[in-house]
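Shown here: my_file_31.txt, compact mmCIF, C-alpha atoms (C1' of nucleotides).
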# COMPACT_ATOMS: atom_id res chain seq x y z
CA MET A 1 34.03 -97.31 1.75
CA THR A 2 33.59 -99.12 5.03
CA THR A 3 36.67 -97.51 6.53
CA THR A 4 36.16 -94.43 8.66
CA GLY A 5 37.48 -91.11 7.45
CA GLY A 6 39.64 -90.18 4.49
CA LYS A 7 43.20 -91.06 3.70
CA ALA A 8 44.60 -88.69 6.29
CA ALA A 9 42.71 -90.36 9.10
CA ARG A 10 43.98 -93.76 7.99
CA THR A 11 47.59 -92.61 7.87
CA ARG A 12 47.22 -91.07 11.28
CA ALA A 13 45.83 -94.31 12.67
CA ARG A 14 48.65 -96.32 11.13
CA LEU A 15 51.20 -93.95 12.63
CA THR A 16 49.61 -94.32 16.04
CA ASP A 17 49.64 -98.11 15.79
CA ALA A 18 53.24 -98.26 14.61
CA ALA A 19 54.29 -95.86 17.34
CA PHE A 20 52.74 -97.93 20.12
CA GLU A 21 54.21 -101.10 18.70
CA LEU A 22 57.67 -99.60 18.75
CA PHE A 23 57.17 -98.08 22.18
CA ALA A 24 56.23 -101.52 23.47
CA GLU A 25 59.22 -103.13 21.78
CA GLN A 26 61.93 -100.63 22.69
CA GLY A 27 60.42 -98.05 25.00
CA TYR A 28 59.42 -94.50 24.23
CA ASP A 29 62.78 -92.80 24.52
CA ALA A 30 64.64 -95.34 22.43
CA THR A 31 62.15 -94.99 19.60
CA THR A 32 62.83 -92.28 17.03
CA VAL A 33 60.29 -90.52 14.91
CA ALA A 34 62.16 -91.75 11.87
CA GLN A 35 61.55 -95.36 12.91
CA ILE A 36 57.84 -94.77 13.34
CA ALA A 37 57.59 -93.13 9.94
CA GLU A 38 59.64 -95.85 8.31
CA ARG A 39 57.43 -98.63 9.63
CA VAL A 40 54.42 -96.98 8.05
CA GLY A 41 56.33 -96.32 4.83
CA VAL A 42 56.15 -92.59 5.17
CA THR A 43 58.42 -89.62 5.79
CA GLU A 44 59.23 -87.95 9.11
CA MET A 45 57.63 -84.86 7.70
CA THR A 46 54.31 -86.64 7.38
CA PHE A 47 54.49 -87.71 10.99
CA TYR A 48 55.01 -84.13 12.12
CA ARG A 49 52.17 -82.94 9.96
CA HIS A 50 49.85 -85.33 11.72
CA PHE A 51 51.08 -84.94 15.27
CA GLY A 52 53.24 -81.87 15.64
CA SER A 53 55.42 -83.60 18.17
CA LYS A 54 56.50 -87.04 19.31
CA ASP A 55 54.64 -86.51 22.58
CA ALA A 56 51.35 -85.92 20.84
CA VAL A 57 51.00 -89.56 19.78
CA VAL A 58 50.59 -90.54 23.41
CA VAL A 59 49.02 -87.50 24.98
CA GLY A 60 46.51 -86.84 22.25
CA ASP A 61 43.16 -85.47 23.29
CA PRO A 62 42.78 -82.43 25.54
CA TYR A 63 40.69 -82.61 28.66
CA ASP A 64 37.08 -81.66 29.04
CA PRO A 65 36.39 -77.95 28.82
CA LEU A 66 32.90 -78.52 30.22
CA ILE A 67 34.46 -79.20 33.61
CA ALA A 68 34.84 -75.46 33.96
CA ALA A 69 31.10 -74.99 33.59
CA ALA A 70 30.45 -77.48 36.36
CA VAL A 71 32.87 -75.62 38.61
CA ALA A 72 31.17 -72.34 37.92
CA ALA A 73 27.84 -73.92 38.85
CA GLN A 74 28.95 -74.70 42.41
CA PRO A 75 27.87 -72.36 45.23
CA THR A 76 30.26 -69.44 45.58
CA ASP A 77 30.27 -69.44 49.34
CA LEU A 78 32.32 -72.63 49.51
CA PRO A 79 36.09 -72.42 49.98
CA PRO A 80 37.56 -72.26 46.47
CA LEU A 81 39.33 -75.60 46.59
CA VAL A 82 36.13 -77.32 47.71
CA ARG A 83 34.19 -75.53 45.03
CA ALA A 84 36.59 -76.72 42.36
CA ALA A 85 36.61 -80.28 43.63
CA ARG A 86 32.83 -80.47 43.80
CA GLY A 87 32.61 -79.08 40.30
CA VAL A 88 34.85 -81.79 38.92
CA ARG A 89 32.95 -84.39 40.89
CA SER A 90 29.65 -83.33 39.40
CA ALA A 91 31.16 -83.15 35.92
CA TRP A 92 32.48 -86.68 36.30
CA GLU A 93 29.22 -88.05 37.58
CA GLY A 94 27.42 -86.41 34.70
CA GLN A 95 29.71 -87.88 32.05
CA PRO A 96 32.35 -90.34 33.20
CA LEU A 97 35.24 -91.50 31.02
CA ASP A 98 34.89 -95.13 30.08
CA ASP A 99 38.08 -96.90 31.01
CA ASP A 100 38.74 -99.34 28.19
CA GLU A 101 41.94 -101.25 27.66
CA ALA A 102 43.28 -98.73 25.15
CA LEU A 103 43.07 -95.91 27.66
CA ARG A 104 44.70 -98.03 30.31
CA ALA A 105 47.55 -98.82 27.93
CA ARG A 106 48.07 -95.17 27.08
CA VAL A 107 48.01 -94.07 30.68
CA SER A 108 50.35 -96.90 31.61
CA LEU A 109 52.86 -95.74 29.05
CA GLY A 110 52.54 -92.19 30.28
CA ALA A 111 53.05 -93.24 33.88
CA ALA A 112 56.08 -95.37 33.05
CA THR A 113 57.81 -92.74 30.94
CA PRO A 114 59.23 -89.78 32.86
CA SER A 115 60.22 -87.92 29.73
CA LEU A 116 56.55 -87.81 28.82
CA ARG A 117 55.42 -86.03 31.97
CA PRO A 118 56.00 -82.50 30.68
CA ALA A 119 53.70 -83.18 27.76
CA ILE A 120 51.08 -84.61 30.08
CA ARG A 121 51.20 -81.53 32.29
CA ALA A 122 51.01 -79.30 29.24
CA GLY A 123 47.93 -81.18 28.14
CA THR A 124 46.16 -80.27 31.36
CA ALA A 125 47.11 -76.60 31.19
CA ALA A 126 44.00 -75.61 29.26
CA THR A 127 41.69 -77.30 31.75
CA GLU A 128 43.61 -75.76 34.63
CA ALA A 129 43.25 -72.29 33.17
CA ALA A 130 39.55 -72.84 32.54
CA ILE A 131 38.93 -73.93 36.11
CA ALA A 132 40.92 -71.01 37.48
CA GLU A 133 38.85 -68.65 35.39
CA ALA A 134 35.61 -70.22 36.56
CA LEU A 135 36.68 -69.78 40.17
CA ALA A 136 37.77 -66.20 39.62
CA ALA A 137 34.43 -65.41 38.01
CA GLY A 138 32.82 -66.38 41.31
CA GLY A 139 34.72 -63.68 43.17
CA THR A 140 37.85 -65.61 44.15
CA ASP A 141 41.11 -63.72 43.91
CA PRO A 142 42.80 -64.64 40.60
CA LEU A 143 45.99 -65.94 42.17
CA ASP A 144 44.02 -67.91 44.74
CA ALA A 145 42.00 -69.36 41.90
CA ALA A 146 45.13 -70.34 40.00
CA VAL A 147 46.59 -71.97 43.09
CA CYS A 148 43.47 -74.05 43.70
CA ALA A 149 43.24 -75.07 40.07
CA ALA A 150 46.87 -76.16 40.14
CA ALA A 151 46.33 -78.21 43.26
CA LEU A 152 43.29 -79.83 41.72
CA LEU A 153 44.98 -80.71 38.44
CA GLY A 154 48.07 -81.95 40.23
CA ALA A 155 45.95 -84.28 42.30
CA LEU A 156 43.90 -85.49 39.34
CA THR A 157 46.91 -86.11 37.13
CA THR A 158 48.71 -88.06 39.82
CA ALA A 159 45.60 -90.12 40.48
CA LEU A 160 45.23 -90.81 36.77
CA LEU A 161 48.84 -91.91 36.43
CA GLY A 162 48.62 -94.05 39.54
CA TRP A 163 45.47 -95.80 38.42
CA PRO A 164 46.94 -98.44 36.06
CA ALA A 165 49.16 -99.72 38.87
CA ARG A 166 46.04 -100.84 40.74
CA PRO A 167 44.47 -103.69 38.81
CA GLY A 168 40.80 -104.15 39.51
CA THR A 169 40.32 -100.50 40.43
CA THR A 170 38.08 -98.40 38.24
CA LEU A 171 39.26 -95.04 36.97
CA GLY A 172 36.17 -93.39 38.40
CA ALA A 173 36.88 -94.64 41.89
CA THR A 174 40.44 -93.39 41.68
CA ILE A 175 39.39 -89.94 40.53
CA LEU A 176 36.66 -89.60 43.12
CA ARG A 177 39.08 -90.70 45.79
CA ALA A 178 41.46 -87.91 44.81
CA LEU A 179 38.62 -85.41 45.08
CA ASP A 180 37.78 -86.77 48.52
CA LEU A 181 41.33 -86.06 49.61
CA LEU A 182 41.12 -82.47 48.40
CA GLU A 183 37.97 -82.08 50.49
CA HIS A 184 39.72 -83.56 53.56
CA ARG A 185 37.68 -86.73 53.65
CA PRO A 186 40.18 -89.24 55.02
CA MET B 1 93.00 -65.75 46.18
CA THR B 2 90.32 -63.57 47.65
CA THR B 3 87.65 -65.04 45.38
CA THR B 4 85.38 -67.72 46.77
CA GLY B 5 85.83 -71.26 45.58
CA GLY B 6 88.04 -72.74 42.93
CA LYS B 7 88.17 -72.05 39.25
CA ALA B 8 85.14 -74.20 38.57
CA ALA B 9 82.95 -72.13 40.84
CA ARG B 10 84.08 -68.93 39.15
CA THR B 11 83.41 -70.28 35.67
CA ARG B 12 80.00 -71.45 36.80
CA ALA B 13 79.19 -68.03 38.18
CA ARG B 14 80.32 -66.31 34.99
CA LEU B 15 78.16 -68.66 32.95
CA THR B 16 75.16 -67.87 35.11
CA ASP B 17 75.73 -64.14 34.77
CA ALA B 18 76.20 -64.28 31.01
CA ALA B 19 73.11 -66.46 30.66
CA PHE B 20 70.88 -64.06 32.56
CA GLU B 21 72.26 -61.11 30.63
CA LEU B 22 71.40 -62.79 27.36
CA PHE B 23 68.01 -63.94 28.61
CA ALA B 24 67.22 -60.35 29.53
CA GLU B 25 68.42 -59.08 26.16
CA GLN B 26 66.79 -61.62 23.86
CA GLY B 27 64.62 -63.88 25.96
CA TYR B 28 65.27 -67.43 27.05
CA ASP B 29 64.17 -69.28 23.93
CA ALA B 30 66.08 -67.06 21.54
CA THR B 31 69.30 -67.55 23.46
CA THR B 32 71.47 -70.51 22.51
CA VAL B 33 73.90 -72.32 24.73
CA ALA B 34 76.61 -71.49 22.21
CA GLN B 35 75.99 -67.78 22.76
CA ILE B 36 76.25 -68.13 26.52
CA ALA B 37 79.48 -70.06 26.25
CA GLU B 38 80.91 -67.61 23.74
CA ARG B 39 80.27 -64.61 25.97
CA VAL B 40 82.26 -66.25 28.73
CA GLY B 41 84.98 -67.31 26.31
CA VAL B 42 84.39 -70.97 26.82
CA THR B 43 83.09 -74.01 24.93
CA GLU B 44 79.56 -75.38 24.85
CA MET B 45 80.99 -78.52 26.39
CA THR B 46 82.09 -76.61 29.45
CA PHE B 47 78.62 -75.19 29.86
CA TYR B 48 77.10 -78.66 29.82
CA ARG B 49 79.64 -79.92 32.30
CA HIS B 50 78.57 -77.25 34.74
CA PHE B 51 74.84 -77.36 34.21
CA GLY B 52 73.82 -80.48 32.36
CA SER B 53 71.08 -78.63 30.57
CA LYS B 54 70.06 -75.15 29.50
CA ASP B 55 67.17 -75.26 31.96
CA ALA B 56 69.46 -75.83 34.89
CA VAL B 57 70.86 -72.30 34.77
CA VAL B 58 67.50 -70.93 35.79
CA VAL B 59 66.05 -73.72 37.88
CA GLY B 60 69.23 -74.44 39.78
CA ASP B 61 68.88 -75.47 43.37
CA PRO B 62 66.55 -78.25 44.46
CA TYR B 63 63.98 -77.57 47.10
CA ASP B 64 64.31 -78.25 50.77
CA PRO B 65 64.43 -81.90 51.69
CA LEU B 66 63.87 -81.00 55.34
CA ILE B 67 60.28 -80.15 54.49
CA ALA B 68 59.61 -83.86 54.51
CA ALA B 69 60.75 -84.11 58.10
CA ALA B 70 58.35 -81.35 59.11
CA VAL B 71 55.51 -83.18 57.38
CA ALA B 72 56.35 -86.40 59.16
CA ALA B 73 56.27 -84.52 62.47
CA GLN B 74 52.61 -83.52 62.07
CA PRO B 75 49.93 -85.55 63.91
CA THR B 76 48.88 -88.58 61.87
CA ASP B 77 45.21 -88.25 62.66
CA LEU B 78 44.82 -85.22 60.43
CA PRO B 79 43.54 -85.63 56.89
CA PRO B 80 46.64 -86.19 54.73
CA LEU B 81 46.36 -82.97 52.75
CA VAL B 82 46.08 -80.96 55.96
CA ARG B 83 48.97 -82.82 57.44
CA ALA B 84 51.14 -82.03 54.44
CA ALA B 85 50.13 -78.37 54.38
CA ARG B 86 50.80 -77.93 58.10
CA GLY B 87 54.17 -79.57 57.66
CA VAL B 88 55.21 -77.14 54.98
CA ARG B 89 53.87 -74.27 57.05
CA SER B 90 55.97 -75.25 60.02
CA ALA B 91 59.02 -75.78 57.84
CA TRP B 92 58.58 -72.34 56.34
CA GLU B 93 58.12 -70.66 59.70
CA GLY B 94 61.23 -72.41 60.95
CA GLN B 95 63.40 -71.35 58.05
CA PRO B 96 61.87 -68.96 55.53
CA LEU B 97 63.45 -68.17 52.17
CA ASP B 98 64.67 -64.61 52.03
CA ASP B 99 63.24 -62.99 48.97
CA ASP B 100 66.00 -60.87 47.56
CA GLU B 101 65.99 -59.22 44.17
CA ALA B 102 67.98 -62.05 42.59
CA LEU B 103 65.37 -64.62 43.54
CA ARG B 104 62.60 -62.38 42.31
CA ALA B 105 64.37 -62.01 38.97
CA ARG B 106 64.82 -65.74 38.60
CA VAL B 107 61.24 -66.51 39.48
CA SER B 108 60.07 -63.77 37.15
CA LEU B 109 61.95 -65.31 34.28
CA GLY B 110 60.55 -68.72 35.11
CA ALA B 111 57.02 -67.37 35.27
CA ALA B 112 57.34 -65.54 31.99
CA THR B 113 58.86 -68.44 30.06
CA PRO B 114 56.46 -71.28 29.28
CA SER B 115 59.17 -73.49 27.83
CA LEU B 116 60.79 -73.45 31.25
CA ARG B 117 57.84 -74.86 33.13
CA PRO B 118 58.69 -78.53 32.57
CA ALA B 119 62.07 -77.98 34.17
CA ILE B 120 60.48 -76.17 37.10
CA ARG B 121 58.07 -79.03 37.68
CA ALA B 122 60.92 -81.50 37.42
CA GLY B 123 62.80 -79.54 40.04
CA THR B 124 60.00 -80.05 42.52
CA ALA B 125 59.73 -83.78 41.87
CA ALA B 126 62.22 -84.71 44.57
CA THR B 127 60.40 -82.66 47.20
CA GLU B 128 57.09 -84.08 46.07
CA ALA B 129 58.36 -87.63 46.42
CA ALA B 130 59.82 -86.89 49.84
CA ILE B 131 56.54 -85.46 51.10
CA ALA B 132 54.58 -88.39 49.69
CA GLU B 133 56.91 -90.76 51.46
CA ALA B 134 56.56 -88.89 54.73
CA LEU B 135 52.79 -89.11 54.48
CA ALA B 136 52.86 -92.79 53.60
CA ALA B 137 55.09 -93.49 56.57
CA GLY B 138 52.28 -92.14 58.74
CA GLY B 139 49.88 -94.80 57.51
CA THR B 140 48.39 -93.00 54.52
CA ASP B 141 47.80 -95.13 51.44
CA PRO B 142 50.72 -94.59 49.02
CA LEU B 143 48.58 -93.40 46.14
CA ASP B 144 46.64 -91.08 48.43
CA ALA B 145 49.93 -89.74 49.69
CA ALA B 146 51.19 -89.14 46.16
CA VAL B 147 47.96 -87.35 45.25
CA CYS B 148 48.19 -85.03 48.24
CA ALA B 149 51.84 -84.30 47.62
CA ALA B 150 51.06 -83.45 44.01
CA ALA B 151 48.26 -81.12 45.03
CA LEU B 152 50.53 -79.43 47.52
CA LEU B 153 53.42 -78.93 45.11
CA GLY B 154 51.07 -77.77 42.39
CA ALA B 155 49.69 -75.12 44.69
CA LEU B 156 53.09 -74.04 45.96
CA THR B 157 54.63 -73.81 42.52
CA THR B 158 51.77 -71.76 41.17
CA ALA B 159 51.94 -69.46 44.16
CA LEU B 160 55.67 -69.05 43.69
CA LEU B 161 55.31 -68.21 40.02
CA GLY B 162 52.47 -65.82 40.70
CA TRP B 163 54.35 -63.96 43.37
CA PRO B 164 56.52 -61.62 41.24
CA ALA B 165 53.41 -60.27 39.55
CA ARG B 166 52.31 -58.79 42.89
CA PRO B 167 54.74 -56.03 43.77
CA GLY B 168 54.85 -55.26 47.47
CA THR B 169 53.82 -58.76 48.43
CA THR B 170 56.27 -60.90 50.34
CA LEU B 171 57.03 -64.41 49.19
CA GLY B 172 56.21 -65.75 52.63
CA ALA B 173 52.73 -64.28 52.58
CA THR B 174 52.07 -65.76 49.17
CA ILE B 175 53.22 -69.21 50.24
CA LEU B 176 51.24 -69.16 53.48
CA ARG B 177 48.19 -67.99 51.58
CA ALA B 178 48.46 -71.02 49.29
CA LEU B 179 48.63 -73.29 52.32
CA ASP B 180 45.54 -71.61 53.74
CA LEU B 181 43.67 -72.45 50.58
CA LEU B 182 44.65 -76.10 50.83
CA GLU B 183 43.26 -76.11 54.35
CA HIS B 184 40.01 -74.52 53.16
CA ARG B 185 40.58 -71.23 54.91
CA PRO B 186 38.89 -68.76 52.54
C1' DT C 1 109.23 -78.48 41.03
C1' DA C 2 107.25 -82.89 39.48
C1' DG C 3 103.04 -85.26 38.99
C1' DA C 4 98.35 -86.33 39.97
C1' DA C 5 93.82 -84.44 39.59
C1' DA C 6 90.69 -81.14 38.17
C1' DA C 7 89.09 -78.24 34.40
C1' DT C 8 88.56 -77.39 29.70
C1' DG C 9 88.96 -78.13 24.61
C1' DT C 10 87.96 -80.72 19.99
C1' DG C 11 85.38 -82.83 16.65
C1' DA C 12 81.97 -85.64 15.36
C1' DC C 13 77.71 -87.42 16.23
C1' DT C 14 72.18 -88.24 17.30
C1' DC C 15 67.71 -86.63 17.38
C1' DA C 16 63.65 -83.52 17.66
C1' DC C 17 61.76 -80.14 15.09
C1' DT C 18 61.12 -76.41 11.21
C1' DA C 19 60.64 -74.33 6.58
C1' DA C 20 60.34 -73.64 1.53
C1' DC C 21 59.34 -75.82 -2.33
C1' DA C 22 58.22 -79.83 -5.38
C1' DT C 23 55.35 -83.80 -6.31
C1' DT C 24 51.81 -87.29 -6.20
C1' DC C 25 47.27 -88.91 -5.07
C1' DC C 26 42.23 -88.66 -5.39
C1' DG C 27 37.47 -87.42 -6.15
C1' DG C 28 34.32 -84.60 -8.94
C1' DC C 29 32.83 -82.35 -13.20
C1' DG C 30 32.36 -81.55 -17.97
C1' DC D 1 36.92 -90.87 -20.26
C1' DG D 2 40.06 -87.24 -19.11
C1' DC D 3 41.16 -83.05 -16.93
C1' DC D 4 41.62 -80.20 -12.79
C1' DG D 5 42.18 -78.55 -8.14
C1' DG D 6 43.05 -79.36 -3.53
C1' DA D 7 44.58 -82.51 -0.12
C1' DA D 8 48.30 -85.47 1.19
C1' DT D 9 52.99 -86.51 0.98
C1' DG D 10 57.89 -86.08 -0.42
C1' DT D 11 62.65 -83.54 -0.74
C1' DT D 12 66.24 -80.98 0.91
C1' DA D 13 68.44 -78.36 3.97
C1' DG D 14 68.73 -76.52 7.89
C1' DT D 15 68.86 -75.18 13.67
C1' DG D 16 69.68 -76.27 18.26
C1' DA D 17 70.01 -79.29 22.41
C1' DG D 18 72.50 -82.79 24.21
C1' DT D 19 76.23 -86.75 24.26
C1' DC D 20 80.68 -89.11 23.72
C1' DA D 21 85.65 -90.36 23.39
C1' DC D 22 89.76 -88.51 23.60
C1' DA D 23 93.35 -84.84 23.83
C1' DT D 24 95.14 -80.85 26.28
C1' DT D 25 95.77 -77.43 29.64
C1' DT D 26 95.52 -75.60 34.34
C1' DT D 27 95.68 -75.99 39.25
C1' DC D 28 96.83 -77.82 43.52
C1' DT D 29 99.54 -80.63 46.38
C1' DA D 30 103.24 -83.58 48.02
Would you give me this structure, written as structure tokens?
Amino acid sequence: MTTTGGKAARTRARLTDAAFELFAEQGYDATTVAQIAERVGVTEMTFYRHFGSKDAVVVGDPYDPLIAAAVAAQPTDLPPLVRAARGVRSAWEGQPLDDDEALRARVSLGAATPSLRPAIRAGTAATEAAIAEALAAGGTDPLDAAVCAAALLGALTTALLGWPARPGTTLGATILRALDLLEHRP
Amino acid sequence: MTTTGGKAARTRARLTDAAFELFAEQGYDATTVAQIAERVGVTEMTFYRHFGSKDAVVVGDPYDPLIAAAVAAQPTDLPPLVRAARGVRSAWEGQPLDDDEALRARVSLGAATPSLRPAIRAGTAATEAAIAEALAAGGTDPLDAAVCAAALLGALTTALLGWPARPGTTLGATILRALDLLEHRP
DNA sequence: TAGAAAATGTGACTCACTAACATTCCGGCG
DNA sequence: CGCCGGAATGTTAGTGAGTCACATTTTCTA
């Protein structure tokens, strides 16, 4: 039993691998769920039980909910957008995402596939809501809070998707740069 | 021939009306394109020829491309996010959108229907790209420009969708408020 | 009023996604 | 060893959005 996890985890991993192979061979849109399932020797139904949607293979994990805590910890007398940006900055510095090749590949695919963007945005919705709530808890008007959170997530997502196109640049630098822009540092 | 436009325009208008009736009766998701077409006495095919997708009935018109010009007209020594925000502000002041009941109804539906959000975002993509390009033409790094444009559009879209929930508030005030937030005016 | 052009219809298809129900795999326990 | 229960997977049959090639009607113009 050297392999990690039970049978389900293994099937899930095989589906992920097959999916990325096919995406690389034919592109995301041209690949059908049936093809992915077939390559693994499994039914479409099994795919949907593991992922729920075709998007989910690529988008996968939701963003950090602990970002919200970092936002809430920022001084409430700052303008809300600055408060949010500083919160994310401190959260990142506390626990950065290591940018391995796998992540770069996934982000690259996401950036190169327009039909995937809705799913990407949807994946950030939870974080956006959490940040908005954290801002509102500090006395910011709820709509103002939502607007700032949306601006922040828009900036972060665009930075993330633009990162793979800049070889040699670290993800951290790209993210922090986006935060600088929100704080008007030119 | 007192009616405006040719037959196509009339069919399109009838499809829009029928669609919004059905959306009001049963909700957007529960309404099928076949139902819309049937109510007008027309085929699904005709619907798709007029709209291209179910989303398009609600999302409809693309945003102002002249916003980009206003952004480009702002002084280049401002931080890019400020430059973008001031550009939109000046564009709005030059030619505001009149907020009639029809617009409010459409925005309301969009705000209340999560499955519509992807289409809404997609509808702003052209404006976002135009603003990014205007910023980049002023010497801003292309990725920085894209990040700022995304933040701006994120803020504006959220403000727009949040507007109908505030009876008595004008759309203009809501938009200008969002721009204030991007410029750190609390 | 004929004839081109615009508008619409037909039928068949692909693909994502869902649901109810049946079946097989696998580890633990007597 | 052999049985048993739950997890994992299969089967079948759908719905609904969107596309395509081709036929037909309607509308406008010369």
Please report, as JSON lines, each residue of chain B lying at most 9 Å from chain C, together with the nearest pair of atoms and the separation in Å rounded to one decimal; use only C-alpha atoms (C1' of nucleotides), and order rows by chain and ascending residue number.
{"residue": "B:Lys7", "atom": "CA", "partner": "C:DA7", "partner_atom": "C1'", "distance": 7.9}
{"residue": "B:Ala8", "atom": "CA", "partner": "C:DA7", "partner_atom": "C1'", "distance": 7.0}
{"residue": "B:Val42", "atom": "CA", "partner": "C:DT8", "partner_atom": "C1'", "distance": 8.2}
{"residue": "B:Thr43", "atom": "CA", "partner": "C:DG9", "partner_atom": "C1'", "distance": 7.2}
{"residue": "B:Met45", "atom": "CA", "partner": "C:DG9", "partner_atom": "C1'", "distance": 8.2}
{"residue": "B:Thr46", "atom": "CA", "partner": "C:DT8", "partner_atom": "C1'", "distance": 6.5}
Give as a PyMOL selection string every residue of chain D that touches chain B within 9 Å, counting only C-alpha atoms (C1' of nucleotides).
-> chain D and resi 16-18+27
Interatomic distance between atom CA of Pro186 of chain A and atom CA of Leu78 of chain B?
-> 8.2 Å
Expressed in Å to a single decimal, how great is the separation between atom CA of Thr11 of chain A and atom C1' of DA7 of chain D?
->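 So the answer is 13.2 Å.
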Output the contact residues of chain B with respect to chain A at a cut-off of 9 Å, based on only C-alpha atoms, as a CSV table (one decimal) with C-alpha atoms, in the frame of the given file.
chain,number,residue,atom,x,y,z
B,78,LEU,CA,44.8,-85.2,60.4
B,79,PRO,CA,43.5,-85.6,56.9
B,80,PRO,CA,46.6,-86.2,54.7
B,81,LEU,CA,46.4,-83.0,52.8
B,82,VAL,CA,46.1,-81.0,56.0
B,117,ARG,CA,57.8,-74.9,33.1
B,118,PRO,CA,58.7,-78.5,32.6
B,119,ALA,CA,62.1,-78.0,34.2
B,121,ARG,CA,58.1,-79.0,37.7
B,122,ALA,CA,60.9,-81.5,37.4
B,143,LEU,CA,48.6,-93.4,46.1
B,144,ASP,CA,46.6,-91.1,48.4
B,146,ALA,CA,51.2,-89.1,46.2
B,147,VAL,CA,48.0,-87.4,45.2
B,148,CYS,CA,48.2,-85.0,48.2
B,149,ALA,CA,51.8,-84.3,47.6
B,150,ALA,CA,51.1,-83.4,44.0
B,151,ALA,CA,48.3,-81.1,45.0
B,152,LEU,CA,50.5,-79.4,47.5
B,153,LEU,CA,53.4,-78.9,45.1
B,154,GLY,CA,51.1,-77.8,42.4
B,155,ALA,CA,49.7,-75.1,44.7
B,156,LEU,CA,53.1,-74.0,46.0
B,157,THR,CA,54.6,-73.8,42.5
B,158,THR,CA,51.8,-71.8,41.2
B,159,ALA,CA,51.9,-69.5,44.2
B,162,GLY,CA,52.5,-65.8,40.7
B,163,TRP,CA,54.4,-64.0,43.4
B,177,ARG,CA,48.2,-68.0,51.6
B,178,ALA,CA,48.5,-71.0,49.3
B,181,LEU,CA,43.7,-72.4,50.6
B,182,LEU,CA,44.6,-76.1,50.8
B,183,GLU,CA,43.3,-76.1,54.4
B,184,HIS,CA,40.0,-74.5,53.2
B,185,ARG,CA,40.6,-71.2,54.9
B,186,PRO,CA,38.9,-68.8,52.5
Coordinates-based distance that separates atom CA of Glu133 of chain B from atom CA of Gly110 of chain B (Å, one decimal) =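 Going from atom CA of Gly110 of chain B over to atom CA of Glu133 of chain B covers 27.7 Å.
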Around all the atoms of segment 11-25 of chain C listed in the file, draw an axis-aligned box and extend it by 5 Å on each of the six sides; I want its centre and edge lengths in Å to one decimal, as JSON.
{"center_x": 66.3, "center_y": -81.3, "center_z": 5.7, "size_x": 48.1, "size_y": 25.3, "size_z": 34.0}
